[in-house]
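**Student:** Have a peek at protein-v6.csv (CSV, C-alpha atoms).
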chain,number,residue,atom,x,y,z
L,16,MET,CA,11.6,-13.4,-19.7
L,17,ARG,CA,9.7,-11.7,-16.9
L,18,PRO,CA,7.4,-13.9,-14.8
L,19,LEU,CA,4.1,-12.7,-16.3
L,20,ALA,CA,5.3,-12.4,-19.9
L,21,GLY,CA,2.4,-13.5,-22.2
L,22,CYS,CA,-0.3,-12.7,-19.6
L,23,LEU,CA,-3.0,-10.4,-20.8
L,24,VAL,CA,-4.6,-8.1,-18.2
L,25,LEU,CA,-7.7,-6.0,-18.9
L,26,ASP,CA,-7.9,-3.0,-16.5
L,27,PHE,CA,-11.3,-1.4,-16.0
L,28,SER,CA,-10.3,0.5,-12.9
L,29,THR,CA,-9.5,4.1,-12.2
L,30,LEU,CA,-7.8,6.3,-9.5
L,31,LEU,CA,-5.3,4.3,-7.4
L,32,PRO,CA,-6.1,0.7,-6.1
L,33,GLY,CA,-6.7,-1.1,-9.4
L,34,PRO,CA,-4.2,0.9,-11.6
L,35,LEU,CA,-1.4,0.4,-9.0
L,36,ALA,CA,-2.2,-3.4,-8.9
L,37,THR,CA,-2.1,-3.6,-12.7
L,38,LEU,CA,1.1,-1.5,-12.8
L,39,LEU,CA,2.7,-4.1,-10.6
L,40,LEU,CA,1.6,-6.8,-13.0
L,41,ALA,CA,2.9,-4.8,-16.0
L,42,GLU,CA,6.2,-4.3,-14.3
L,43,THR,CA,6.6,-8.0,-14.1
L,44,GLY,CA,5.9,-8.6,-17.8
L,45,ALA,CA,2.1,-8.7,-18.3
L,46,GLU,CA,0.5,-6.9,-21.2
L,47,VAL,CA,-2.0,-4.5,-19.6
L,48,ILE,CA,-4.7,-2.8,-21.6
L,49,SER,CA,-6.4,0.0,-19.7
L,50,ILE,CA,-10.1,0.3,-20.7
L,51,ALA,CA,-11.0,4.0,-20.3
L,52,ARG,CA,-14.1,6.1,-20.8
L,53,PRO,CA,-13.7,8.2,-24.0
L,54,GLY,CA,-12.2,11.6,-23.2
L,55,ALA,CA,-11.5,10.7,-19.6
L,56,GLU,CA,-8.4,12.1,-18.0
L,57,GLU,CA,-6.3,10.7,-15.2
L,58,MET,CA,-5.5,12.8,-12.1
L,59,ALA,CA,-2.1,14.4,-12.7
L,60,SER,CA,-0.7,12.8,-9.6
L,61,LEU,CA,-1.7,9.3,-10.8
L,62,THR,CA,-0.5,9.4,-14.4
L,63,SER,CA,2.6,7.5,-13.6
L,64,LEU,CA,0.4,4.5,-12.8
L,65,GLN,CA,-0.3,4.1,-16.5
L,66,ARG,CA,3.3,3.6,-17.6
L,67,GLY,CA,3.9,0.4,-19.6
L,68,LYS,CA,0.1,0.0,-20.4
L,69,ARG,CA,-1.9,0.3,-23.6
L,70,ARG,CA,-5.0,2.6,-23.5
L,71,MET,CA,-8.2,1.7,-25.2
L,72,GLU,CA,-11.2,4.0,-25.0
L,73,VAL,CA,-14.5,2.3,-24.8
L,74,ASP,CA,-17.9,3.7,-23.8
L,75,LEU,CA,-19.2,0.8,-21.7
L,76,LYS,CA,-22.7,2.1,-21.9
L,77,ASP,CA,-22.7,1.8,-25.7
L,78,ALA,CA,-24.5,-1.3,-27.0
L,79,ALA,CA,-21.6,-1.9,-29.4
L,80,ALA,CA,-19.0,-1.9,-26.6
L,81,LEU,CA,-19.4,-5.6,-25.7
L,82,GLU,CA,-18.9,-6.6,-29.3
L,83,ARG,CA,-15.7,-4.6,-29.4
L,84,LEU,CA,-14.4,-6.1,-26.2
L,85,GLN,CA,-15.4,-9.7,-27.0
L,86,PRO,CA,-12.0,-10.7,-28.6
L,87,LEU,CA,-10.1,-9.4,-25.6
L,88,LEU,CA,-12.4,-10.9,-23.0
L,89,THR,CA,-12.1,-14.2,-24.7
L,90,ARG,CA,-8.4,-14.4,-24.5
L,91,ALA,CA,-7.7,-12.3,-21.3
L,92,ASP,CA,-6.0,-14.0,-18.4
L,93,VAL,CA,-6.9,-11.3,-15.8
L,94,LEU,CA,-9.6,-8.7,-15.5
L,95,VAL,CA,-9.4,-6.0,-12.8
L,96,GLU,CA,-12.4,-3.8,-12.1
L,97,GLN,CA,-13.3,-1.3,-9.4
L,98,PHE,CA,-17.0,-0.5,-9.8
L,99,ARG,CA,-19.6,-1.0,-7.1
L,100,PRO,CA,-21.1,-4.5,-7.0
L,101,GLY,CA,-23.5,-5.2,-9.8
L,102,VAL,CA,-22.3,-2.5,-12.2
L,103,MET,CA,-20.2,-4.7,-14.4
L,104,HIS,CA,-23.0,-7.3,-14.5
L,105,ARG,CA,-25.4,-4.6,-15.8
L,106,LEU,CA,-22.9,-3.7,-18.4
L,107,GLY,CA,-22.8,-7.3,-19.6
L,108,ILE,CA,-19.3,-8.0,-18.4
L,109,GLY,CA,-19.8,-9.4,-14.9
L,110,TYR,CA,-17.9,-12.4,-13.8
L,111,GLU,CA,-20.6,-14.9,-14.7
L,112,GLN,CA,-20.9,-13.4,-18.2
L,113,VAL,CA,-17.2,-13.3,-18.9
L,114,SER,CA,-16.4,-16.7,-17.4
L,115,ALA,CA,-19.1,-18.2,-19.7
L,116,ILE,CA,-16.9,-17.3,-22.7
L,117,ASN,CA,-13.6,-17.6,-20.9
L,118,PRO,CA,-13.6,-20.0,-17.9
L,119,ARG,CA,-9.9,-19.5,-17.4
L,120,ILE,CA,-10.2,-15.8,-16.5
L,121,VAL,CA,-9.1,-14.5,-13.1
L,122,TYR,CA,-11.6,-11.8,-12.4
L,123,CYS,CA,-10.6,-9.4,-9.6
L,124,SER,CA,-13.1,-7.0,-8.1
L,125,ILE,CA,-11.7,-4.3,-5.8
L,126,THR,CA,-14.3,-2.4,-3.7
L,127,GLY,CA,-14.5,-0.6,-0.5
L,128,TYR,CA,-16.8,-3.0,1.4
L,129,GLY,CA,-16.8,-6.2,-0.7
L,130,GLN,CA,-19.3,-7.9,-3.0
L,131,HIS,CA,-21.9,-8.6,-0.3
L,132,GLY,CA,-23.0,-7.2,3.0
L,133,PRO,CA,-25.1,-4.2,4.2
L,134,LYS,CA,-22.4,-1.7,3.1
L,135,SER,CA,-21.5,-3.3,-0.2
L,136,GLY,CA,-23.1,-0.6,-2.3
L,137,VAL,CA,-22.0,2.4,-0.1
L,138,ALA,CA,-19.7,4.9,-1.8
L,139,GLY,CA,-16.4,5.8,0.0
L,140,HIS,CA,-12.8,6.7,-0.3
L,141,ASP,CA,-9.7,5.9,1.7
L,142,LEU,CA,-10.5,8.2,4.5
L,143,ASN,CA,-13.9,6.6,5.0
L,144,TYR,CA,-12.5,3.1,5.0
L,145,ILE,CA,-9.8,3.8,7.7
L,146,ALA,CA,-12.4,5.7,9.7
L,147,GLU,CA,-14.7,2.8,9.9
L,148,THR,CA,-12.1,0.2,10.7
L,149,GLY,CA,-10.5,1.9,13.7
L,150,LEU,CA,-7.2,2.8,11.9
L,151,LEU,CA,-8.0,6.5,11.8
L,152,ALA,CA,-8.9,6.6,15.5
L,153,ARG,CA,-5.3,5.4,16.2
L,154,SER,CA,-3.6,7.8,13.8
L,155,MET,CA,-5.5,11.1,13.7
L,156,GLY,CA,-4.3,12.4,17.1
L,157,ALA,CA,-6.6,14.3,19.4
L,158,ALA,CA,-10.2,14.7,18.3
L,159,SER,CA,-10.0,18.4,19.0
L,160,ASN,CA,-7.4,18.8,16.3
L,161,PRO,CA,-7.5,15.7,14.1
L,162,VAL,CA,-4.9,15.0,11.4
L,163,ILE,CA,-5.5,13.2,8.1
L,164,PRO,CA,-2.8,10.5,7.6
L,165,PRO,CA,-0.5,11.4,4.6
L,166,VAL,CA,-0.7,7.9,3.1
L,167,LEU,CA,-3.5,6.0,1.4
L,168,MET,CA,-3.6,2.9,3.6
L,169,ALA,CA,-6.9,1.4,2.3
L,170,ASP,CA,-6.2,2.0,-1.3
L,171,ILE,CA,-2.7,0.4,-1.3
L,172,ALA,CA,-2.4,-1.9,1.7
L,173,GLY,CA,-6.1,-2.9,1.6
L,174,GLY,CA,-6.6,-2.9,-2.2
L,175,SER,CA,-3.6,-2.9,-4.5
L,176,TYR,CA,-1.4,-5.4,-2.7
L,177,PRO,CA,-4.0,-7.9,-1.7
L,178,ALA,CA,-5.3,-7.8,-5.3
L,179,VAL,CA,-1.9,-8.6,-6.8
L,180,ILE,CA,-1.2,-11.4,-4.2
L,181,ASN,CA,-4.6,-13.0,-4.9
L,182,ILE,CA,-4.3,-12.7,-8.7
L,183,LEU,CA,-0.9,-14.4,-8.6
L,184,LEU,CA,-2.3,-17.2,-6.4
L,185,ALA,CA,-5.3,-17.6,-8.7
L,186,LEU,CA,-3.1,-17.9,-11.7
L,187,ARG,CA,-1.1,-20.5,-10.0
L,188,GLU,CA,-4.2,-22.4,-9.0
L,189,ARG,CA,-5.3,-22.2,-12.7
L,190,GLU,CA,-2.3,-24.2,-13.7
L,191,ARG,CA,-3.8,-27.1,-11.8
L,192,THR,CA,-7.5,-26.7,-12.4
L,193,ASN,CA,-7.5,-24.9,-15.8
L,194,ARG,CA,-10.2,-22.6,-14.4
L,195,GLY,CA,-10.1,-19.0,-13.1
L,196,ARG,CA,-12.1,-17.6,-10.3
L,197,HIS,CA,-13.7,-14.4,-9.0
L,198,LEU,CA,-11.7,-12.5,-6.4
L,199,ASP,CA,-13.6,-10.3,-4.0
L,200,VAL,CA,-11.0,-7.8,-2.7
L,201,SER,CA,-12.6,-5.7,0.1
L,202,MET,CA,-10.3,-2.8,1.1
L,203,THR,CA,-12.0,-2.5,4.5
L,204,ASP,CA,-11.8,-6.2,5.2
L,205,ASN,CA,-8.0,-6.1,4.6
L,206,LEU,CA,-7.4,-3.1,6.9
L,207,PHE,CA,-8.1,-5.1,10.0
L,208,THR,CA,-4.9,-7.0,9.5
L,209,LEU,CA,-3.1,-3.6,9.9
L,210,LEU,CA,-4.4,-3.4,13.5
L,211,LEU,CA,-2.3,-6.3,14.6
L,212,GLY,CA,0.3,-5.3,17.1
L,213,GLY,CA,-1.4,-1.9,17.5
L,214,SER,CA,-1.4,-2.2,21.3
L,215,VAL,CA,2.4,-2.4,21.3
L,216,ILE,CA,2.9,0.8,19.4
L,217,THR,CA,0.1,2.8,21.1
L,218,SER,CA,0.8,1.8,24.7
L,219,GLY,CA,2.9,4.9,25.5
L,220,SER,CA,6.1,2.9,25.8
L,221,PRO,CA,9.3,5.1,25.8
L,222,ARG,CA,10.8,2.5,23.5
L,223,TYR,CA,8.4,3.4,20.6
L,224,ARG,CA,8.0,7.1,20.4
L,225,LEU,CA,8.7,10.3,18.5
L,226,TYR,CA,11.0,12.7,20.3
L,227,PRO,CA,11.6,16.3,19.3
L,228,THR,CA,15.2,17.5,18.9
L,229,SER,CA,16.5,20.9,19.7
L,230,ASP,CA,16.3,22.2,16.1
L,231,GLY,CA,12.7,21.4,15.5
L,232,ARG,CA,13.3,18.0,13.9
L,233,VAL,CA,12.1,14.6,15.3
L,234,LEU,CA,13.9,11.4,16.3
L,235,ALA,CA,11.8,8.3,15.7
L,236,VAL,CA,12.7,5.6,18.3
L,237,GLY,CA,11.6,2.0,17.8
L,238,ALA,CA,13.9,0.3,20.3
L,239,LEU,CA,11.4,-2.4,21.3
L,240,GLU,CA,13.8,-5.3,21.9
L,241,GLN,CA,15.9,-5.1,25.1
L,242,ARG,CA,19.3,-5.1,23.3
L,243,PHE,CA,18.2,-2.1,21.1
L,244,TRP,CA,16.8,-0.3,24.2
L,245,ASP,CA,20.1,-0.9,26.1
L,246,THR,CA,22.1,0.6,23.3
L,247,LEU,CA,19.7,3.6,23.1
L,248,CYS,CA,20.0,4.2,26.8
L,249,GLU,CA,23.8,4.2,26.5
L,250,VAL,CA,23.8,6.5,23.5
L,251,ALA,CA,21.4,8.9,25.2
L,252,ARG,CA,23.2,8.7,28.5
L,253,LEU,CA,20.0,7.9,30.3
L,254,GLU,CA,20.4,7.5,34.0
L,255,PRO,CA,20.8,3.9,35.1
L,256,GLU,CA,17.8,4.1,37.6
L,257,LEU,CA,15.5,5.0,34.7
L,258,ARG,CA,16.6,2.3,32.2
L,259,ASP,CA,14.1,-0.2,33.6
L,260,ASP,CA,11.1,1.3,31.9
L,261,THR,CA,8.7,-1.2,33.5
L,262,LYS,CA,8.8,0.7,36.8
L,263,ASP,CA,7.6,4.1,35.6
L,264,PRO,CA,7.5,4.3,31.8
L,265,MET,CA,6.1,7.9,31.8
L,266,ARG,CA,9.0,9.1,33.9
L,267,THR,CA,11.5,7.3,31.7
L,268,ALA,CA,9.9,8.7,28.5
L,269,ALA,CA,9.9,12.2,30.0
L,270,ARG,CA,13.6,12.1,30.9
L,271,LEU,CA,14.5,10.6,27.5
L,272,ALA,CA,12.6,13.4,25.8
L,273,GLU,CA,14.5,16.0,27.8
L,274,LEU,CA,17.9,14.5,26.8
L,275,ILE,CA,17.0,14.2,23.1
L,276,ALA,CA,15.6,17.8,23.1
L,277,CYS,CA,19.1,19.1,24.2
L,278,GLU,CA,20.7,18.3,20.9
L,279,PRO,CA,19.9,18.9,17.2
L,280,ALA,CA,18.9,16.1,14.8
L,281,ASP,CA,22.3,15.9,13.1
L,282,VAL,CA,24.0,15.1,16.4
L,283,TRP,CA,21.6,12.3,17.1
L,284,ALA,CA,22.1,11.0,13.6
L,285,ARG,CA,25.9,10.8,14.2
L,286,ARG,CA,25.5,9.3,17.7
L,287,THR,CA,23.2,6.5,16.5
L,288,ALA,CA,25.0,5.8,13.2
L,289,GLY,CA,26.3,2.3,13.2
L,290,ARG,CA,24.7,1.5,16.6
L,291,ASP,CA,21.9,-1.0,16.8
L,292,CYS,CA,19.3,1.1,18.5
L,293,CYS,CA,16.5,1.5,15.9
L,294,CYS,CA,16.6,5.3,15.8
L,295,SER,CA,15.9,7.4,12.7
L,296,VAL,CA,15.7,11.2,12.2
L,297,VAL,CA,12.3,11.8,10.6
L,298,ALA,CA,13.1,12.7,6.9
L,299,THR,CA,11.1,14.8,4.5
L,300,VAL,CA,10.1,13.1,1.2
L,301,GLU,CA,12.7,15.3,-0.5
L,302,GLU,CA,15.4,14.1,1.8
L,303,ALA,CA,14.3,10.5,1.4
L,304,MET,CA,14.6,10.8,-2.4
L,305,ARG,CA,18.2,12.0,-2.0
L,306,ASP,CA,19.1,9.2,0.4
L,307,VAL,CA,22.1,7.3,-1.0
L,308,HIS,CA,20.5,3.9,0.0
L,309,PHE,CA,17.1,4.5,-1.7
L,310,ARG,CA,18.8,5.9,-4.8
L,311,SER,CA,21.0,2.8,-5.0
L,312,ARG,CA,17.8,0.8,-5.0
L,313,GLY,CA,16.4,2.6,-8.0
L,314,ILE,CA,13.7,4.7,-6.2
L,315,ASP,CA,13.1,8.3,-7.4
L,316,ALA,CA,10.4,10.9,-7.0
L,317,GLU,CA,8.9,10.1,-10.4
L,318,GLN,CA,8.9,6.4,-10.2
L,319,GLN,CA,8.4,5.0,-6.7
L,320,VAL,CA,7.5,1.4,-7.7
L,321,PRO,CA,10.8,-0.1,-8.8
L,322,ILE,CA,9.3,-3.6,-9.1
L,323,ASP,CA,11.4,-4.4,-12.2
L,324,ARG,CA,14.5,-4.4,-10.0
L,325,VAL,CA,13.2,-7.3,-8.0
L,326,PHE,CA,13.1,-9.6,-11.0
L,327,ARG,CA,16.4,-8.7,-12.5
L,328,GLU,CA,18.8,-11.5,-13.2
L,329,PRO,CA,21.0,-12.4,-10.2
L,330,ARG,CA,24.6,-11.2,-10.2
L,331,SER,CA,27.0,-13.8,-11.4
Would you mind giving the structure from this file in structure tokens?
**Tutor:**
Amino acid sequence: MRPLAGCLVLDFSTLLPGPLATLLLAETGAEVISIARPGAEEMASLTSLQRGKRRMEVDLKDAAALERLQPLLTRADVLVEQFRPGVMHRLGIGYEQVSAINPRIVYCSITGYGQHGPKSGVAGHDLNYIAETGLLARSMGAASNPVIPPVLMADIAGGSYPAVINILLALRERERTNRGRHLDVSMTDNLFTLLLGGSVITSGSPRYRLYPTSDGRVLAVGALEQRFWDTLCEVARLEPELRDDTKDPMRTAARLAELIACEPADVWARRTAGRDCCCSVVATVEEAMRDVHFRSRGIDAEQQVPIDRVFREPRS
């Protein structure tokens, strides 16, 4: 039996944060029913988030919708929604309305700015959320030629994962109190946690940098601890007088860049293999999907959330 077997989840969300959260619940045994607008189609890139779920088309603006949903709302364990604050209440399925008929429900609202505050009703997407919390300033490069990060940090790290964690905690709490609760998951609130340690990785240290190789690839160096740094200096044959990077970190970084730029990526991959120096050749997504390690873990291009593997029976 999977951990959430017997748990009924109603998913009123679309796009990425809510559907990914309910996919993680489905992968651990929950029965997930996705409540969709009649005729609505998922973005092609997000269709994999619907695997393992049942789809139920309901026009929430129809007066008969509530009556149709009533049996499900009465017995559901979890409800996930992603509308702006107040929308579900106007539809007759806000937390207060649902908990009145099902006090055990764990009702999770995922929004950009939370259920209250001056920005609670403001529309936005991932790019807006990382822009307003300082993350984009640290990751976009120079303002004269800014780059959009290739990952959806707010949606996943600020929305999906906190939602799942808090849903599980609320279900555990319900075992003791026999009551559910309303979870207010604000993607922007949760992004501030990602800023922890930022000064270390943005300080210009030669120990935490991207170094181009001679063939146009890049070596990612994360040798923060002294023992890793010592090994890297040995592997790169950095001159002894430059290994104390507290004296002149820019000079050390410049010389290390010169040394790394003299050889192609495959040479550095061989030199660092089996050595504890926290160095990695930057891989493309296609290369990562062919990596023997990741394939052994059950990750592939079509299904990048191998949660079911986590809950498999331990080997005897």
**Student:** Between L:Val93, L:Leu75, L:Leu31, L:Leu274, which residue has the minimum interatomic distance to Arg189 of chain L, considering all atoms listed in the file?
**Tutor:**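 Closest to Arg189 of chain L of all the choices is L:Val93.
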**Student:** So that I can check the surroundings of Leu25 of chain L, please list as a PDB file with C-alpha atoms, keeping the file's coordinate frame every protein, DNA and RNA residue that reaches within 9 Å of it, counting all atoms listed in the file and ignoring chain neighbours fewer than 3 positions away.
**Tutor:**
ATOM      1  CA  THR L  37      -2.100  -3.600 -12.700  1.00  0.00           C
ATOM      2  CA  GLU L  46       0.500  -6.900 -21.200  1.00  0.00           C
ATOM      3  CA  VAL L  47      -2.000  -4.500 -19.600  1.00  0.00           C
ATOM      4  CA  ILE L  48      -4.700  -2.800 -21.600  1.00  0.00           C
ATOM      5  CA  SER L  49      -6.400   0.000 -19.700  1.00  0.00           C
ATOM      6  CA  ILE L  50     -10.100   0.300 -20.700  1.00  0.00           C
ATOM      7  CA  LEU L  87     -10.100  -9.400 -25.600  1.00  0.00           C
ATOM      8  CA  LEU L  88     -12.400 -10.900 -23.000  1.00  0.00           C
ATOM      9  CA  ALA L  91      -7.700 -12.300 -21.300  1.00  0.00           C
ATOM     10  CA  ASP L  92      -6.000 -14.000 -18.400  1.00  0.00           C
ATOM     11  CA  VAL L  93      -6.900 -11.300 -15.800  1.00  0.00           C
ATOM     12  CA  LEU L  94      -9.600  -8.700 -15.500  1.00  0.00           C
ATOM     13  CA  VAL L  95      -9.400  -6.000 -12.800  1.00  0.00           C
ATOM     14  CA  GLU L  96     -12.400  -3.800 -12.100  1.00  0.00           C
TER      15      GLU L  96
END
**Student:** Would you mind reading off the distance between atom CA of Asp230 of chain L and atom CA of Ala276 of chain L, one decimal, in Å?
**Tutor:**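 Atom-to-atom, atom CA of Asp230 of chain L and atom CA of Ala276 of chain L are spaced 8.3 Å apart.
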**Student:** Kindly indicate which residue among L:Arg17, L:Phe27, L:Thr203, L:Leu167 lies nearest to Gly44 of chain L, using all atoms listed in the file for the distances.
**Tutor:**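 For Gly44 of chain L, the nearest of the candidates is L:Arg17.
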**Student:** Could you tell me how far atom CA of Leu38 of chain L lies from atom CA of Asp141 of chain L, in Å and to one decimal?
**Tutor:**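 Interatomic distance here is 19.5 Å.
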**Student:** Please return as a PyMOL selection string every residue within 12 Å of (14.2, 21.1, 26.0), taking into account only C-alpha atoms and the file's own coordinates.
**Tutor:** chain L and resi 226-231+269-279
**Student:** Atom CA of Arg119 of chain L and atom CA of Leu30 of chain L, how far apart in Å?
**Tutor:** 27.1 Å
**Student:** So which one's closest to Ile182 of chain L, L:Ala238, L:Ala288, L:Ile120, L:Ala115? Using all atoms listed in the file, please.
**Tutor:**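 Closest to Ile182 of chain L, using all atoms listed in the file: L:Ile120.
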**Student:** For each of L:Leu142, L:Leu225, L:Val250, L:Ala80, take the minimum atom-to-atom distance to Val166 of chain L, counting only C-alpha atoms, then give the residue where this is smallest.
**Tutor:**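 Of L:Leu142, L:Leu225, L:Val250, L:Ala80, the one nearest Val166 of chain L is L:Leu142, counting only C-alpha atoms.
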**Student:** Measuring atom to atom with all atoms listed in the file, identify which of L:Ala284, L:Leu150, L:Pro86, L:Ala78 is nearest to Leu211 of chain L.
**Tutor:**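 Once distances to Leu211 of chain L are computed over all atoms listed in the file, the minimum belongs to L:Leu150.
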**Student:** From the block I gave, I'd like segment 232-309 of chain L written with C-alpha atoms, as an mmCIF file, in the first residue's frame.
**Tutor:**
data_model
loop_
_atom_site.group_PDB
_atom_site.id
_atom_site.type_symbol
_atom_site.label_atom_id
_atom_site.label_comp_id
_atom_site.auth_asym_id
_atom_site.auth_seq_id
_atom_site.Cartn_x
_atom_site.Cartn_y
_atom_site.Cartn_z
ATOM 1 C CA ARG L 232 31.946 24.052 -22.869
ATOM 2 C CA VAL L 233 31.867 25.147 -19.229
ATOM 3 C CA LEU L 234 33.235 23.637 -16.017
ATOM 4 C CA ALA L 235 31.093 24.301 -12.952
ATOM 5 C CA VAL L 236 33.260 24.610 -9.851
ATOM 6 C CA GLY L 237 31.697 24.423 -6.385
ATOM 7 C CA ALA L 238 34.807 23.739 -4.305
ATOM 8 C CA LEU L 239 33.766 25.804 -1.281
ATOM 9 C CA GLU L 240 35.266 23.637 1.478
ATOM 10 C CA GLN L 241 39.040 23.764 1.917
ATOM 11 C CA ARG L 242 39.660 20.086 1.199
ATOM 12 C CA PHE L 243 37.734 20.308 -2.089
ATOM 13 C CA TRP L 244 39.564 23.501 -2.999
ATOM 14 C CA ASP L 245 42.944 21.929 -2.241
ATOM 15 C CA THR L 246 42.137 19.005 -4.516
ATOM 16 C CA LEU L 247 40.986 21.305 -7.309
ATOM 17 C CA CYS L 248 44.174 23.363 -7.059
ATOM 18 C CA GLU L 249 46.170 20.152 -7.377
ATOM 19 C CA VAL L 250 44.115 18.877 -10.331
ATOM 20 C CA ALA L 251 44.335 22.245 -12.116
ATOM 21 C CA ARG L 252 48.037 22.648 -11.224
ATOM 22 C CA LEU L 253 47.410 26.095 -9.834
ATOM 23 C CA GLU L 254 50.602 27.782 -8.647
ATOM 24 C CA PRO L 255 51.123 27.440 -4.856
ATOM 25 C CA GLU L 256 51.303 31.202 -4.305
ATOM 26 C CA LEU L 257 47.747 31.592 -5.692
ATOM 27 C CA ARG L 258 46.085 28.814 -3.718
ATOM 28 C CA ASP L 259 45.345 31.039 -0.726
ATOM 29 C CA ASP L 260 42.413 32.789 -2.366
ATOM 30 C CA THR L 261 41.865 35.134 0.572
ATOM 31 C CA LYS L 262 44.840 37.257 -0.517
ATOM 32 C CA ASP L 263 43.682 38.212 -4.005
ATOM 33 C CA PRO L 264 40.596 36.216 -5.047
ATOM 34 C CA MET L 265 40.287 37.971 -8.413
ATOM 35 C CA ARG L 266 43.865 37.118 -9.346
ATOM 36 C CA THR L 267 43.352 33.506 -8.292
ATOM 37 C CA ALA L 268 40.110 33.275 -10.274
ATOM 38 C CA ALA L 269 41.721 34.799 -13.358
ATOM 39 C CA ARG L 270 44.628 32.349 -13.299
ATOM 40 C CA LEU L 271 42.332 29.370 -12.699
ATOM 41 C CA ALA L 272 40.236 30.535 -15.649
ATOM 42 C CA GLU L 273 43.363 30.593 -17.826
ATOM 43 C CA LEU L 274 44.334 27.065 -16.824
ATOM 44 C CA ILE L 275 40.864 25.630 -17.377
ATOM 45 C CA ALA L 276 40.559 27.399 -20.730
ATOM 46 C CA CYS L 277 43.641 25.508 -21.986
ATOM 47 C CA GLU L 278 41.899 22.128 -22.115
ATOM 48 C CA PRO L 279 38.592 20.788 -23.499
ATOM 49 C CA ALA L 280 35.737 19.660 -21.268
ATOM 50 C CA ASP L 281 36.395 15.933 -21.678
ATOM 51 C CA VAL L 282 39.916 16.388 -20.329
ATOM 52 C CA TRP L 283 38.584 18.119 -17.241
ATOM 53 C CA ALA L 284 35.938 15.425 -16.848
ATOM 54 C CA ARG L 285 38.670 12.782 -16.814
ATOM 55 C CA ARG L 286 40.950 14.750 -14.501
ATOM 56 C CA THR L 287 38.248 15.385 -11.921
ATOM 57 C CA ALA L 288 36.634 11.930 -12.119
ATOM 58 C CA GLY L 289 36.974 10.184 -8.776
ATOM 59 C CA ARG L 290 38.497 13.248 -7.155
ATOM 60 C CA ASP L 291 36.616 15.112 -4.421
ATOM 61 C CA CYS L 292 36.781 18.598 -5.883
ATOM 62 C CA CYS L 293 33.106 19.366 -6.631
ATOM 63 C CA CYS L 294 33.581 19.975 -10.348
ATOM 64 C CA SER L 295 31.097 19.191 -13.118
ATOM 65 C CA VAL L 296 31.034 19.760 -16.834
ATOM 66 C CA VAL L 297 27.823 21.675 -17.606
ATOM 67 C CA ALA L 298 25.525 19.193 -19.351
ATOM 68 C CA THR L 299 22.717 19.805 -21.785
ATOM 69 C CA VAL L 300 19.314 18.398 -20.858
ATOM 70 C CA GLU L 301 19.778 15.724 -23.532
ATOM 71 C CA GLU L 302 23.127 14.706 -22.048
ATOM 72 C CA ALA L 303 21.654 14.593 -18.572
ATOM 73 C CA MET L 304 18.852 12.303 -19.736
ATOM 74 C CA ARG L 305 21.461 9.896 -21.121
ATOM 75 C CA ASP L 306 23.511 9.945 -17.926
ATOM 76 C CA VAL L 307 23.894 6.411 -16.554
ATOM 77 C CA HIS L 308 23.265 7.572 -12.989
ATOM 78 C CA PHE L 309 20.022 9.402 -13.683
#
